[in-house]
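**Student:** What follows is target_18.txt, compact mmCIF, C-alpha atoms and all ligand atoms.
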# COMPACT_ATOMS: atom_id res chain seq x y z
CA MET A 20 113.35 -31.75 206.21
CA THR A 21 115.25 -34.89 205.47
CA LYS A 22 117.55 -35.20 202.55
CA THR A 23 117.11 -38.25 200.39
CA ALA A 24 119.97 -39.42 198.30
CA THR A 25 119.03 -39.62 194.68
CA LYS A 26 120.71 -42.22 192.56
CA THR A 27 121.53 -40.90 189.15
CA THR A 28 122.05 -43.40 186.40
CA ILE A 29 124.05 -42.17 183.47
CA LYS A 30 123.36 -44.07 180.31
CA THR A 31 126.60 -44.89 178.57
CA THR A 32 126.62 -46.45 175.17
CA PRO A 33 129.85 -47.89 173.81
CA THR A 34 131.65 -45.80 171.24
CA THR A 35 131.49 -47.11 167.68
CA ILE A 36 133.93 -46.48 164.86
CA ALA A 37 132.64 -47.52 161.43
CA ILE A 38 135.18 -48.15 158.69
CA ASP A 39 133.98 -48.85 155.17
CA GLY A 40 135.86 -49.00 151.93
CA THR A 41 136.87 -50.86 148.85
CA PHE A 42 138.45 -54.28 148.69
CA ALA A 43 142.19 -54.18 149.58
CA SER A 44 142.08 -50.47 150.38
CA GLY A 45 143.88 -51.13 153.67
CA LYS A 46 140.75 -50.64 155.80
CA GLY A 47 141.19 -53.94 157.66
CA THR A 48 144.78 -53.24 158.64
CA LEU A 49 143.86 -49.73 159.72
CA ALA A 50 140.87 -50.97 161.71
CA LYS A 51 143.01 -53.53 163.54
CA LYS A 52 145.70 -50.98 164.37
CA LEU A 53 143.15 -48.44 165.60
CA ALA A 54 141.42 -51.07 167.74
CA ALA A 55 144.72 -52.08 169.35
CA TYR A 56 145.76 -48.47 169.92
CA PHE A 57 142.48 -47.20 171.41
CA GLY A 58 141.51 -50.40 173.23
CA TYR A 59 138.44 -51.22 171.15
CA ALA A 60 137.01 -54.58 170.16
CA TYR A 61 137.34 -55.26 166.44
CA LEU A 62 135.01 -57.03 164.01
CA ASP A 63 135.92 -57.66 160.38
CA THR A 64 132.38 -57.97 159.01
CA GLY A 65 133.68 -59.26 155.67
CA LYS A 66 134.46 -62.49 157.53
CA LEU A 67 130.75 -63.00 158.19
CA TYR A 68 130.02 -62.87 154.46
CA ARG A 69 133.06 -65.03 153.80
CA ALA A 70 131.79 -67.58 156.33
CA VAL A 71 128.46 -67.69 154.47
CA GLY A 72 130.34 -67.99 151.15
CA LEU A 73 132.41 -70.88 152.50
CA ARG A 74 129.34 -72.65 153.86
CA ALA A 75 127.65 -72.18 150.46
CA LEU A 76 130.67 -73.57 148.57
CA GLU A 77 130.90 -76.56 150.91
CA ALA A 78 127.17 -77.27 150.64
CA LYS A 79 127.30 -76.77 146.83
CA ALA A 80 124.44 -74.33 147.40
CA ASP A 81 122.61 -72.54 144.62
CA PHE A 82 124.09 -69.03 144.51
CA THR A 83 120.90 -67.71 142.92
CA ASP A 84 118.74 -68.80 145.88
CA GLY A 85 118.86 -65.96 148.41
CA LEU A 86 116.56 -67.71 150.90
CA ALA A 87 118.68 -70.87 150.98
CA LEU A 88 121.82 -68.76 151.41
CA ALA A 89 120.16 -66.82 154.25
CA LYS A 90 119.53 -70.12 156.06
CA LEU A 91 123.28 -70.74 155.94
CA ALA A 92 123.93 -67.16 157.12
CA LYS A 93 121.76 -67.71 160.21
CA LYS A 94 124.03 -70.58 161.27
CA VAL A 95 127.28 -68.57 161.22
CA THR A 96 129.02 -68.46 164.61
CA ALA A 97 131.86 -66.35 165.99
CA LYS A 98 134.04 -69.45 166.20
CA GLU A 99 134.21 -70.07 162.47
CA LEU A 100 135.44 -66.54 161.77
CA ASP A 101 138.96 -67.64 162.75
CA ASN A 102 139.15 -70.19 159.91
CA PRO A 103 142.16 -69.16 157.76
CA VAL A 104 140.41 -70.54 154.65
CA LEU A 105 138.12 -67.49 154.80
CA LYS A 106 140.99 -65.35 153.50
CA SER A 107 141.29 -67.20 150.18
CA GLY A 108 140.39 -65.72 146.79
CA PRO A 109 137.56 -68.17 145.95
CA VAL A 110 135.90 -67.66 149.34
CA GLY A 111 136.14 -63.87 148.91
CA ALA A 112 134.43 -64.12 145.52
CA ALA A 113 131.71 -66.35 147.01
CA ALA A 114 131.25 -63.80 149.84
CA SER A 115 130.68 -61.01 147.36
CA LYS A 116 128.06 -63.16 145.57
CA VAL A 117 126.06 -64.06 148.69
CA ALA A 118 126.27 -60.44 149.91
CA ILE A 119 123.91 -59.21 147.17
CA TYR A 120 120.87 -60.80 148.86
CA ALA A 121 118.77 -58.76 151.31
CA GLU A 122 117.89 -61.97 153.19
CA VAL A 123 121.54 -62.86 153.72
CA ARG A 124 122.39 -59.34 154.87
CA ALA A 125 119.41 -59.29 157.26
CA ALA A 126 120.50 -62.62 158.75
CA LEU A 127 123.82 -61.02 159.72
CA TYR A 128 122.44 -57.75 161.19
CA ASP A 129 122.04 -58.94 164.76
CA PHE A 130 125.55 -60.34 164.98
CA GLN A 131 127.04 -57.03 163.84
CA ARG A 132 124.78 -54.73 165.85
CA GLY A 133 125.15 -56.93 168.92
CA PHE A 134 128.92 -56.66 168.63
CA ALA A 135 128.76 -52.86 168.41
CA ALA A 136 126.34 -52.60 171.33
CA ASN A 137 128.23 -55.03 173.58
CA PRO A 138 131.93 -55.04 172.79
CA GLY A 139 132.51 -56.59 176.22
CA SER A 140 135.06 -55.91 178.93
CA PRO A 141 137.71 -54.40 178.84
CA TYR A 142 136.88 -52.66 175.58
CA LYS A 143 135.81 -48.99 175.45
CA GLY A 144 133.92 -49.48 172.25
CA ALA A 145 133.92 -51.32 168.96
CA ILE A 146 135.41 -50.87 165.53
CA LEU A 147 133.62 -52.61 162.68
CA ASP A 148 134.91 -52.64 159.14
CA GLY A 149 133.01 -53.58 156.01
CA ARG A 150 130.97 -52.07 153.22
CA ASP A 151 127.79 -50.79 154.89
CA ILE A 152 128.78 -50.15 158.49
CA GLY A 153 128.40 -46.35 158.40
CA THR A 154 125.39 -46.44 156.08
CA VAL A 155 123.28 -49.37 157.37
CA ILE A 156 124.66 -51.32 160.34
CA CYS A 157 125.76 -48.46 162.63
CA PRO A 158 124.33 -45.26 161.12
CA ASP A 159 124.84 -43.51 164.48
CA ALA A 160 128.53 -44.42 164.74
CA ASP A 161 130.65 -41.81 166.53
CA VAL A 162 133.28 -41.81 163.79
CA LYS A 163 132.83 -42.93 160.18
CA LEU A 164 135.74 -43.50 157.85
CA TYR A 165 135.72 -44.43 154.17
CA ILE A 166 138.99 -45.85 152.84
CA ASP A 167 139.86 -46.18 149.16
CA ALA A 168 142.91 -46.50 146.89
CA SER A 169 143.45 -46.76 143.15
CA PRO A 170 142.47 -50.11 141.58
CA ASP A 171 146.06 -50.77 140.44
CA VAL A 172 147.51 -50.29 143.90
CA ARG A 173 144.77 -52.39 145.49
CA ALA A 174 145.29 -55.21 142.97
CA GLU A 175 149.03 -55.19 143.65
CA ARG A 176 148.44 -55.36 147.43
CA ARG A 177 145.97 -58.20 147.11
CA TYR A 178 148.25 -60.07 144.68
CA LYS A 179 151.11 -59.95 147.23
CA GLU A 180 148.76 -61.03 150.01
CA LEU A 181 147.51 -64.05 148.04
CA LEU A 182 151.09 -65.03 147.17
CA SER A 183 151.91 -64.91 150.88
CA TYR A 184 149.10 -67.44 151.48
CA GLY A 185 150.73 -69.69 148.86
CA GLU A 186 147.99 -69.19 146.24
CA ASP A 187 148.99 -69.68 142.62
CA VAL A 188 147.59 -66.51 141.00
CA SER A 189 148.60 -63.91 138.42
CA LEU A 190 148.35 -60.15 138.81
CA ALA A 191 146.08 -60.07 135.73
CA LYS A 192 143.62 -62.49 137.37
CA VAL A 193 143.67 -60.55 140.65
CA THR A 194 143.02 -57.29 138.75
CA ALA A 195 140.09 -58.84 136.84
CA ASP A 196 138.61 -60.28 140.06
CA LEU A 197 138.98 -56.91 141.79
CA THR A 198 137.13 -55.09 139.01
CA GLU A 199 134.34 -57.65 139.15
CA ARG A 200 134.17 -57.40 142.96
CA ASP A 201 134.13 -53.58 142.93
CA ASN A 202 131.28 -53.62 140.42
CA ARG A 203 129.24 -56.11 142.41
CA ASP A 204 129.83 -54.38 145.78
CA GLN A 205 129.12 -50.88 144.45
CA ASN A 206 126.22 -51.59 142.13
CA ARG A 207 124.12 -54.10 144.07
CA ALA A 208 120.64 -52.96 145.08
CA GLU A 209 121.07 -53.91 148.76
CA ALA A 210 123.38 -51.77 150.89
CA PRO A 211 125.80 -50.92 148.07
CA LEU A 212 129.28 -49.81 149.00
CA LYS A 213 129.36 -46.01 149.24
CA PRO A 214 130.64 -43.48 151.74
CA ALA A 215 128.14 -42.43 154.42
CA VAL A 216 127.26 -38.74 154.01
CA ASN A 217 129.20 -37.86 157.16
CA ALA A 218 132.15 -40.19 156.54
CA HIS A 219 135.74 -38.94 156.51
CA LEU A 220 137.44 -40.04 153.30
CA LEU A 221 140.99 -41.33 153.12
CA ASP A 222 142.80 -42.35 149.93
CA THR A 223 145.68 -44.69 150.78
CA THR A 224 147.07 -44.95 147.22
CA ASN A 225 150.28 -43.12 148.09
CA LEU A 226 150.33 -43.77 151.82
CA SER A 227 152.19 -46.42 153.77
CA ILE A 228 150.17 -48.23 156.42
CA ASP A 229 151.99 -46.27 159.13
CA ALA A 230 151.27 -42.92 157.45
CA ALA A 231 147.61 -43.84 156.96
CA PHE A 232 147.36 -44.96 160.58
CA LEU A 233 148.80 -41.68 161.89
CA ARG A 234 146.21 -39.74 159.90
CA VAL A 235 143.22 -41.71 161.11
CA LYS A 236 144.53 -41.82 164.68
CA ALA A 237 144.81 -38.01 164.69
CA LEU A 238 141.31 -37.73 163.27
CA VAL A 239 139.81 -40.07 165.87
CA GLU A 240 141.60 -38.15 168.64
CA THR A 241 140.09 -34.91 167.35
CA ILE A 242 136.57 -36.31 167.18
CA LEU A 243 136.75 -38.31 170.43
CA PRO A 244 139.19 -36.26 172.54
CA HIS A 245 137.96 -37.70 175.83
CA LYS A 246 137.92 -41.37 174.86
O1 LIG B 301 136.05 -57.17 153.11
P1 LIG B 301 136.04 -58.55 152.46
O2 LIG B 301 136.83 -58.62 151.18
O3 LIG B 301 136.44 -59.61 153.42
O4 LIG B 301 134.50 -58.80 152.08
C1 LIG B 301 134.09 -59.89 151.31
C2 LIG B 301 132.78 -59.58 150.62
O5 LIG B 301 131.75 -59.50 151.60
C3 LIG B 301 132.72 -58.26 149.89
O6 LIG B 301 133.07 -58.40 148.52
C4 LIG B 301 131.32 -57.80 150.02
C5 LIG B 301 130.82 -58.48 151.28
N1 LIG B 301 130.67 -57.58 152.42
C6 LIG B 301 129.52 -56.83 152.47
O7 LIG B 301 128.70 -56.88 151.54
N2 LIG B 301 129.27 -56.05 153.56
C7 LIG B 301 130.15 -55.96 154.56
N3 LIG B 301 129.86 -55.20 155.62
C8 LIG B 301 131.36 -56.70 154.51
C9 LIG B 301 131.60 -57.47 153.39
Take the structure I supplied and represent it as structure tokens, if you would.
Ligand code: DC
**Tutor:**
Amino acid sequence: MTKTATKTTIKTTPTTIAIDGTFASGKGTLAKKLAAYFGYAYLDTGKLYRAVGLRALEAKADFTDGLALAKLAKKVTAKELDNPVLKSGPVGAAASKVAIYAEVRAALYDFQRGFAANPGSPYKGAILDGRDIGTVICPDADVKLYIDASPDVRAERRYKELLSYGEDVSLAKVTADLTERDNRDQNRAEAPLKPAVNAHLLDTTNLSIDAAFLRVKALVETILPHK
């Protein structure tokens, strides 16, 4: 009897960490730090919506026309996500407005899911942060986190961030914008911001970035001990 070597193929899918949460909750900073620490690729999905918002502002598009906005969304490329203008207050507000449309969200699915499925070498997996990563984009993510903080603390953080970009804003305006943004993100019909049922919740109101990072790092190490 001759022995034949059998080739076993083990299917490996990249690990995905989904981080959702409110505006200025610290989720982006945490996501970046986790990605650097664990060797994962990182995608800030808010930048995709911001890129659509910027395109819409530049084209003086009709913000009530979801189909026209979706056409702009289909054109978004990875390259434009590095544009520093995306971080500005007006572009963030425009992003939140375009994000209410199912057509716009659908136009950005493939980019996000493609990133999670193929983070590329040398990354072990991908971390995506946004509003609907654990609920809609990557419902099978290995780890899901939901980050929040009190509105006052978030407004203060965002105010300082905008000042650092040289924007001329008041804390009152930032607070009003934040309330409006929270309402729109949480109450829209399409993929509203909410924790996935199996998400781990973290409130960063009284935590420094380092303290918050240590907590989520420990959690990820518990859930993915071999990664
Ligand atoms: O995270 P951010 O502030 O950059 O996001 C800007 C807007 O984009 C946010 O108000 C809502 C929208 N967004 C979304 O609807 N879904 C995501 N996954 C990411 C952002």
**Student:** Can you pull out every residue within 12 Å of A:Ala174, counting only C-alpha atoms, but drop anything in the same chain fewer than 3 positions away, and send it as an mmCIF file with C-alpha atoms, in the frame of the given file?
**Tutor:**
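Resulting contents of result16.cif:
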data_model
loop_
_atom_site.group_PDB
_atom_site.id
_atom_site.type_symbol
_atom_site.label_atom_id
_atom_site.label_comp_id
_atom_site.auth_asym_id
_atom_site.auth_seq_id
_atom_site.Cartn_x
_atom_site.Cartn_y
_atom_site.Cartn_z
ATOM 1 C CA THR A 41 136.870 -50.860 148.850
ATOM 2 C CA PHE A 42 138.450 -54.280 148.690
ATOM 3 C CA ALA A 43 142.190 -54.180 149.580
ATOM 4 C CA SER A 44 142.080 -50.470 150.380
ATOM 5 C CA GLY A 45 143.880 -51.130 153.670
ATOM 6 C CA ALA A 168 142.910 -46.500 146.890
ATOM 7 C CA SER A 169 143.450 -46.760 143.150
ATOM 8 C CA PRO A 170 142.470 -50.110 141.580
ATOM 9 C CA ASP A 171 146.060 -50.770 140.440
ATOM 10 C CA ARG A 177 145.970 -58.200 147.110
ATOM 11 C CA TYR A 178 148.250 -60.070 144.680
ATOM 12 C CA LYS A 179 151.110 -59.950 147.230
ATOM 13 C CA GLU A 180 148.760 -61.030 150.010
ATOM 14 C CA LEU A 181 147.510 -64.050 148.040
ATOM 15 C CA VAL A 188 147.590 -66.510 141.000
ATOM 16 C CA SER A 189 148.600 -63.910 138.420
ATOM 17 C CA LEU A 190 148.350 -60.150 138.810
ATOM 18 C CA ALA A 191 146.080 -60.070 135.730
ATOM 19 C CA LYS A 192 143.620 -62.490 137.370
ATOM 20 C CA VAL A 193 143.670 -60.550 140.650
ATOM 21 C CA THR A 194 143.020 -57.290 138.750
ATOM 22 C CA ALA A 195 140.090 -58.840 136.840
ATOM 23 C CA ASP A 196 138.610 -60.280 140.060
ATOM 24 C CA LEU A 197 138.980 -56.910 141.790
ATOM 25 C CA THR A 198 137.130 -55.090 139.010
ATOM 26 C CA GLU A 199 134.340 -57.650 139.150
ATOM 27 C CA ARG A 200 134.170 -57.400 142.960
ATOM 28 C CA ASP A 201 134.130 -53.580 142.930
ATOM 29 C CA THR A 224 147.070 -44.950 147.220
#
**Student:** Quick one: residues within 10 Å of A:Asp101, only C-alpha atoms, excluding same-chain residues fewer than 5 positions away - as a list in words?
**Tutor:**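 Using only C-alpha atoms, the neighbours found are Lys66, Ala70 and Lys106 of chain A.
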**Student:** Using all atoms listed in the file, which residues of chain A come within 6 Å of ligand LIG 301 (chain B), and what is the closest atom pair for each, with the distance in Å to one decimal? Give it as a tab-separated table, sorted by chain and residue number.
**Tutor:**
residue	atom	partner	partner_atom	distance
A:Phe42	CA	B:LIG301	O2	5.3
A:Thr64	CA	B:LIG301	C8	4.8
A:Gly65	CA	B:LIG301	C9	3.6
A:Lys66	CA	B:LIG301	O3	5.4
A:Tyr68	CA	B:LIG301	O5	4.7
A:Arg69	CA	B:LIG301	C1	5.8
A:Gly111	CA	B:LIG301	C1	5.1
A:Ala114	CA	B:LIG301	C2	4.6
A:Ser115	CA	B:LIG301	O6	3.7
A:Ala118	CA	B:LIG301	O7	4.6
A:Gly149	CA	B:LIG301	N3	3.6
A:Arg150	CA	B:LIG301	N3	4.1
A:Asp151	CA	B:LIG301	N3	4.9
A:Ile152	CA	B:LIG301	N3	5.9
A:Arg200	CA	B:LIG301	O6	5.8
A:Asp204	CA	B:LIG301	C4	5.6
**Student:** Between atom CA of A:Pro211 and atom CA of A:Gly153, what is the spacing in Å?
**Tutor:** 11.6 Å
**Student:** Could you please determine the separation between atom CA of A:Tyr165 and atom CA of A:Pro33 in Å, to one decimal place?
**Tutor:** 20.8 Å
**Student:** Mind pulling up the distance from atom CA of A:Gly72 to atom CA of A:Asn102?
**Tutor:**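 One can read the atom CA of A:Asn102 to atom CA of A:Gly72 distance as 12.6 Å.
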**Student:** Could you tell me which of A:Pro158, A:Ile146, A:Thr48, A:Phe82 comes closest to A:Ala231 if we count all atoms listed in the file?
**Tutor:** A:Thr48
**Student:** Please identify all polymer residues within 10 Å of A:Ala160, counting all atoms listed in the file, omitting same-chain residues fewer than 5 positions from it, and present them as a list in words.
**Tutor:**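 The filter keeps Pro33, Thr34, Thr35, Ile36, Ala37, Ile38, Ala135, Ala145, Ile146, Leu147, Ile152, Gly153, Thr154 and Ala218 of chain A.
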**Student:** Dump C-alpha atoms for the selected residues as a CSV table (one decimal), keeping the file's coordinate frame?
**Tutor:**
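Saved result, selection_9.csv, follows:
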chain,number,residue,atom,x,y,z
A,33,PRO,CA,129.8,-47.9,173.8
A,34,THR,CA,131.6,-45.8,171.2
A,35,THR,CA,131.5,-47.1,167.7
A,36,ILE,CA,133.9,-46.5,164.9
A,37,ALA,CA,132.6,-47.5,161.4
A,38,ILE,CA,135.2,-48.2,158.7
A,135,ALA,CA,128.8,-52.9,168.4
A,145,ALA,CA,133.9,-51.3,169.0
A,146,ILE,CA,135.4,-50.9,165.5
A,147,LEU,CA,133.6,-52.6,162.7
A,152,ILE,CA,128.8,-50.2,158.5
A,153,GLY,CA,128.4,-46.4,158.4
A,154,THR,CA,125.4,-46.4,156.1
A,218,ALA,CA,132.2,-40.2,156.5
**Student:** If we draw a sphere of 10 Å around (120.8, -66.8, 151.8), which residues have at least one atom in it when counting all atoms listed in the file? Please report them as JSON, numbers by chain.
**Tutor:** {"A": [71, 72, 75, 80, 81, 82, 83, 84, 85, 86, 87, 88, 89, 90, 91, 92, 93, 117, 118, 119, 120, 121, 122, 123, 124, 125, 126]}
**Student:** Taking C-alpha atoms for each residue, export the selection above as a compact mmCIF listing (two decimals), in the coordinates of the input.
**Tutor:**
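Final file, result16.txt:
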# COMPACT_ATOMS: atom_id res chain seq x y z
CA VAL A 71 128.46 -67.69 154.47
CA GLY A 72 130.34 -67.99 151.15
CA ALA A 75 127.65 -72.18 150.46
CA ALA A 80 124.44 -74.33 147.40
CA ASP A 81 122.61 -72.54 144.62
CA PHE A 82 124.09 -69.03 144.51
CA THR A 83 120.90 -67.71 142.92
CA ASP A 84 118.74 -68.80 145.88
CA GLY A 85 118.86 -65.96 148.41
CA LEU A 86 116.56 -67.71 150.90
CA ALA A 87 118.68 -70.87 150.98
CA LEU A 88 121.82 -68.76 151.41
CA ALA A 89 120.16 -66.82 154.25
CA LYS A 90 119.53 -70.12 156.06
CA LEU A 91 123.28 -70.74 155.94
CA ALA A 92 123.93 -67.16 157.12
CA LYS A 93 121.76 -67.71 160.21
CA VAL A 117 126.06 -64.06 148.69
CA ALA A 118 126.27 -60.44 149.91
CA ILE A 119 123.91 -59.21 147.17
CA TYR A 120 120.87 -60.80 148.86
CA ALA A 121 118.77 -58.76 151.31
CA GLU A 122 117.89 -61.97 153.19
CA VAL A 123 121.54 -62.86 153.72
CA ARG A 124 122.39 -59.34 154.87
CA ALA A 125 119.41 -59.29 157.26
CA ALA A 126 120.50 -62.62 158.75
**Student:** Do you have, as a tab-separated table, the list of residues of stretch 122-232 of chain A lying at most 10 Å from stretch 237-244 of chain A, each with its nearest atom pair and that distance in Å to one decimal, counting all atoms listed in the file and ordered by chain then number?
**Tutor:**
residue	atom	partner	partner_atom	distance
A:Asp161	CA	A:Leu243	CA	8.0
A:Val162	CA	A:Val239	CA	7.1
A:Lys163	CA	A:Val239	CA	9.4
A:Leu164	CA	A:Val239	CA	9.6
A:His219	CA	A:Leu238	CA	8.8
A:Phe232	CA	A:Ala237	CA	8.5
**Student:** A:Leu127, A:Ala136, A:Ile166, A:Leu221: which is nearest A:Thr32, counting only C-alpha atoms?
**Tutor:** A:Ala136
**Student:** Please identify all polymer residues within 9 Å of A:Pro138, counting only C-alpha atoms, omitting same-chain residues fewer than 3 positions from it, and present them as a ChimeraX atom specification.
**Tutor:** /A:33,59-61,133-135,141-145
**Student:** Which of these, A:Val155, A:Val110, A:Ala54, A:Ala97, has the shortest distance to A:Leu212 once you count all atoms listed in the file?
**Tutor:**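 Using all atoms listed in the file, the shortest distance to A:Leu212 belongs to A:Val155.
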**Student:** Identify which of the residues A:Ile156, A:Ile228, A:Leu73, A:Leu67 lies closest to A:Lys46, counting only C-alpha atoms when measuring atom-to-atom distances.
**Tutor:**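 When distances to A:Lys46 are compared using only C-alpha atoms, the smallest one comes from A:Ile228.
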**Student:** Could you tell me which of A:Ala113, A:Val235, A:Leu182, A:Leu220 comes closest to A:Arg203 if we count all atoms listed in the file?
**Tutor:**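 Comparing A:Ala113, A:Val235, A:Leu182, A:Leu220 against A:Arg203, the winner is A:Ala113.
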**Student:** When you get a chance, write out all heavy atoms for stretch 187-195 of chain A, as a PDB file, in the frame of the given file.
**Tutor:**
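What ended up in result_36.pdb:
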ATOM      1  N   ASP A 187     148.362 -69.768 143.925  1.00  0.00           N
ATOM      2  CA  ASP A 187     148.990 -69.680 142.620  1.00  0.00           C
ATOM      3  C   ASP A 187     148.117 -68.770 141.740  1.00  0.00           C
ATOM      4  O   ASP A 187     147.171 -69.232 141.111  1.00  0.00           O
ATOM      5  CB  ASP A 187     149.080 -71.104 142.039  1.00  0.00           C
ATOM      6  CG  ASP A 187     149.750 -71.112 140.687  1.00  0.00           C
ATOM      7  OD1 ASP A 187     150.420 -70.127 140.353  1.00  0.00           O
ATOM      8  OD2 ASP A 187     149.571 -72.113 139.964  1.00  0.00           O
ATOM      9  N   VAL A 188     148.423 -67.460 141.741  1.00  0.00           N
ATOM     10  CA  VAL A 188     147.590 -66.510 141.000  1.00  0.00           C
ATOM     11  C   VAL A 188     148.472 -65.571 140.177  1.00  0.00           C
ATOM     12  O   VAL A 188     149.664 -65.428 140.444  1.00  0.00           O
ATOM     13  CB  VAL A 188     146.737 -65.604 141.927  1.00  0.00           C
ATOM     14  CG1 VAL A 188     145.536 -66.312 142.469  1.00  0.00           C
ATOM     15  CG2 VAL A 188     147.589 -65.005 143.028  1.00  0.00           C
ATOM     16  N   SER A 189     147.869 -64.920 139.186  1.00  0.00           N
ATOM     17  CA  SER A 189     148.600 -63.910 138.420  1.00  0.00           C
ATOM     18  C   SER A 189     148.023 -62.536 138.766  1.00  0.00           C
ATOM     19  O   SER A 189     146.858 -62.442 139.202  1.00  0.00           O
ATOM     20  CB  SER A 189     148.435 -64.165 136.920  1.00  0.00           C
ATOM     21  OG  SER A 189     147.082 -63.942 136.563  1.00  0.00           O
ATOM     22  N   LEU A 190     148.824 -61.508 138.530  1.00  0.00           N
ATOM     23  CA  LEU A 190     148.350 -60.150 138.810  1.00  0.00           C
ATOM     24  C   LEU A 190     147.147 -59.824 137.911  1.00  0.00           C
ATOM     25  O   LEU A 190     146.195 -59.168 138.341  1.00  0.00           O
ATOM     26  CB  LEU A 190     149.487 -59.137 138.591  1.00  0.00           C
ATOM     27  CG  LEU A 190     149.138 -57.681 138.849  1.00  0.00           C
ATOM     28  CD1 LEU A 190     148.644 -57.457 140.274  1.00  0.00           C
ATOM     29  CD2 LEU A 190     150.341 -56.780 138.576  1.00  0.00           C
ATOM     30  N   ALA A 191     147.184 -60.348 136.662  1.00  0.00           N
ATOM     31  CA  ALA A 191     146.080 -60.070 135.730  1.00  0.00           C
ATOM     32  C   ALA A 191     144.762 -60.641 136.272  1.00  0.00           C
ATOM     33  O   ALA A 191     143.708 -59.990 136.220  1.00  0.00           O
ATOM     34  CB  ALA A 191     146.389 -60.677 134.366  1.00  0.00           C
ATOM     35  N   LYS A 192     144.838 -61.863 136.823  1.00  0.00           N
ATOM     36  CA  LYS A 192     143.620 -62.490 137.370  1.00  0.00           C
ATOM     37  C   LYS A 192     143.113 -61.714 138.581  1.00  0.00           C
ATOM     38  O   LYS A 192     141.915 -61.467 138.729  1.00  0.00           O
ATOM     39  CB  LYS A 192     143.949 -63.952 137.737  1.00  0.00           C
ATOM     40  CG  LYS A 192     142.948 -64.658 138.619  1.00  0.00           C
ATOM     41  CD  LYS A 192     141.981 -65.477 137.775  1.00  0.00           C
ATOM     42  CE  LYS A 192     141.075 -66.390 138.584  1.00  0.00           C
ATOM     43  NZ  LYS A 192     140.056 -65.745 139.365  1.00  0.00           N
ATOM     44  N   VAL A 193     144.053 -61.309 139.451  1.00  0.00           N
ATOM     45  CA  VAL A 193     143.670 -60.550 140.650  1.00  0.00           C
ATOM     46  C   VAL A 193     143.011 -59.230 140.236  1.00  0.00           C
ATOM     47  O   VAL A 193     141.989 -58.818 140.802  1.00  0.00           O
ATOM     48  CB  VAL A 193     144.886 -60.306 141.570  1.00  0.00           C
ATOM     49  CG1 VAL A 193     144.531 -59.384 142.730  1.00  0.00           C
ATOM     50  CG2 VAL A 193     145.415 -61.623 142.115  1.00  0.00           C
ATOM     51  N   THR A 194     143.575 -58.566 139.217  1.00  0.00           N
ATOM     52  CA  THR A 194     143.020 -57.290 138.750  1.00  0.00           C
ATOM     53  C   THR A 194     141.602 -57.495 138.196  1.00  0.00           C
ATOM     54  O   THR A 194     140.687 -56.710 138.493  1.00  0.00           O
ATOM     55  CB  THR A 194     143.921 -56.678 137.652  1.00  0.00           C
ATOM     56  OG1 THR A 194     145.246 -56.596 138.178  1.00  0.00           O
ATOM     57  CG2 THR A 194     143.456 -55.293 137.239  1.00  0.00           C
ATOM     58  N   ALA A 195     141.415 -58.571 137.415  1.00  0.00           N
ATOM     59  CA  ALA A 195     140.090 -58.840 136.840  1.00  0.00           C
ATOM     60  C   ALA A 195     139.083 -59.136 137.951  1.00  0.00           C
ATOM     61  O   ALA A 195     137.951 -58.628 137.936  1.00  0.00           O
ATOM     62  CB  ALA A 195     140.172 -60.011 135.864  1.00  0.00           C
TER      63      ALA A 195
END
